[in-house]
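Working notes, beginning with the structure itself.
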Amino acid sequence: MKIMDEIGKRLVRFLIFGLVALVVVQGLMTNDNIRFYLSLGERLEGQEVTVPTALTTDPGEEEIPCSTSSPGSFYLELQDYTSLDKVRILVNGQEMGRMSENRVKLYVTSGDVIEIDTREYHDPITLKITSVTSNLAFPEDGMTFTSQQAITMLGKVAVK
């Protein structure tokens, strides 16, 4: 019985010490100079994160990294042309590349809006989506889009 009383007393002391230590550390976190040493996130704030760029694997194929965190990718292929340098690929309204090759690989994240700008060409241009990674719910493999002198929205990327 004495052993159980001793364990109980030590457990209560440990809990009281832990609670006091928690309150003291939280109080110290209000001071900017001390928080810098207590918090890892504070030390990493403002530092640049470097991400290796994508390399072209096959000749005649261009890769376009759209974001630093890329859970999915797919290919955009021109159907009737070998290359159209003035067709722009827009991701979230920013130009990420051009269809200078027949096939372009896009790396995307959930919520990215993919658009194709074909305003420079008078003829209709058809693009097909191929080789979609398995974690993307949209776009789907085999989808085709036709655009003529417009900015055509392919859709918003959805990840499974």
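Each chain in the structure tokens gets a letter, A, B, ..., in the order shown, and its residues are numbered from 1; ligands are numbered from 1 in order too.
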
Residue contacts of segment 82-99 of chain A (7 Å, only C-alpha atoms) excluding same-chain residues fewer than 6 positions away, as a PDB file with N, CA and C atoms, in the first residue's frame:
ATOM      1  N   ILE A  64       6.799  21.553 -67.539  1.00  0.00           N
ATOM      2  CA  ILE A  64       6.546  22.850 -66.938  1.00  0.00           C
ATOM      3  C   ILE A  64       6.131  22.652 -65.497  1.00  0.00           C
ATOM      4  N   CYS A  66       4.499  23.845 -62.310  1.00  0.00           N
ATOM      5  CA  CYS A  66       3.576  24.937 -62.037  1.00  0.00           C
ATOM      6  C   CYS A  66       3.624  25.397 -60.600  1.00  0.00           C
ATOM      7  N   ASP A 112      -5.620  24.469 -58.730  1.00  0.00           N
ATOM      8  CA  ASP A 112      -5.031  25.228 -59.839  1.00  0.00           C
ATOM      9  C   ASP A 112      -6.035  25.331 -60.982  1.00  0.00           C
ATOM     10  N   VAL A 113      -6.143  26.516 -61.585  1.00  0.00           N
ATOM     11  CA  VAL A 113      -7.026  26.738 -62.734  1.00  0.00           C
ATOM     12  C   VAL A 113      -6.159  26.726 -63.980  1.00  0.00           C
ATOM     13  N   ILE A 114      -6.467  25.821 -64.909  1.00  0.00           N
ATOM     14  CA  ILE A 114      -5.688  25.657 -66.137  1.00  0.00           C
ATOM     15  C   ILE A 114      -6.453  26.304 -67.286  1.00  0.00           C
ATOM     16  N   GLU A 115      -5.766  27.188 -68.031  1.00  0.00           N
ATOM     17  CA  GLU A 115      -6.365  27.857 -69.185  1.00  0.00           C
ATOM     18  C   GLU A 115      -5.391  27.806 -70.353  1.00  0.00           C
ATOM     19  N   ILE A 116      -5.952  27.879 -71.553  1.00  0.00           N
ATOM     20  CA  ILE A 116      -5.165  27.897 -72.780  1.00  0.00           C
ATOM     21  C   ILE A 116      -5.525  29.169 -73.552  1.00  0.00           C
ATOM     22  N   ASP A 117      -4.511  29.951 -73.907  1.00  0.00           N
ATOM     23  CA  ASP A 117      -4.710  31.199 -74.649  1.00  0.00           C
ATOM     24  C   ASP A 117      -4.365  30.965 -76.116  1.00  0.00           C
ATOM     25  N   THR A 118      -5.381  30.971 -76.980  1.00  0.00           N
ATOM     26  CA  THR A 118      -5.186  30.759 -78.419  1.00  0.00           C
ATOM     27  C   THR A 118      -5.604  31.992 -79.221  1.00  0.00           C
ATOM     28  N   GLU A 120      -3.955  34.278 -80.598  1.00  0.00           N
ATOM     29  CA  GLU A 120      -3.071  34.625 -81.710  1.00  0.00           C
ATOM     30  C   GLU A 120      -3.362  33.850 -82.997  1.00  0.00           C
TER      31      GLU A 120
END

**Request:** Find the residues near segment 148-159 of chain A: any atom within 9 Å, counting only C-alpha atoms, skip ones fewer than 2 places away on the same chain, and give them as a list in words.
**Result:** Pro71, Gly72, Val108, Thr109, Ser110, Gly111, Asp112, Val113, Ile114, Glu115, Ile116, Asp117, Thr118, Arg119, Glu120, Tyr121, His122, Asp123, Pro124, Ile125, Thr126, Asn135, Leu136, Ala137, Phe138, Pro139, Phe145 and Thr146 of chain A

**Message:** Among chain A, which ones does DSSP assign to strand (DSSP E or B) (computed from the backbone)? Answer as a PyMOL selection string.
**Reply:** chain A and resi 61-65+72-78+84-91+94-99+103-108+113-117+125-130+136-138+144-147+151-156+158-159
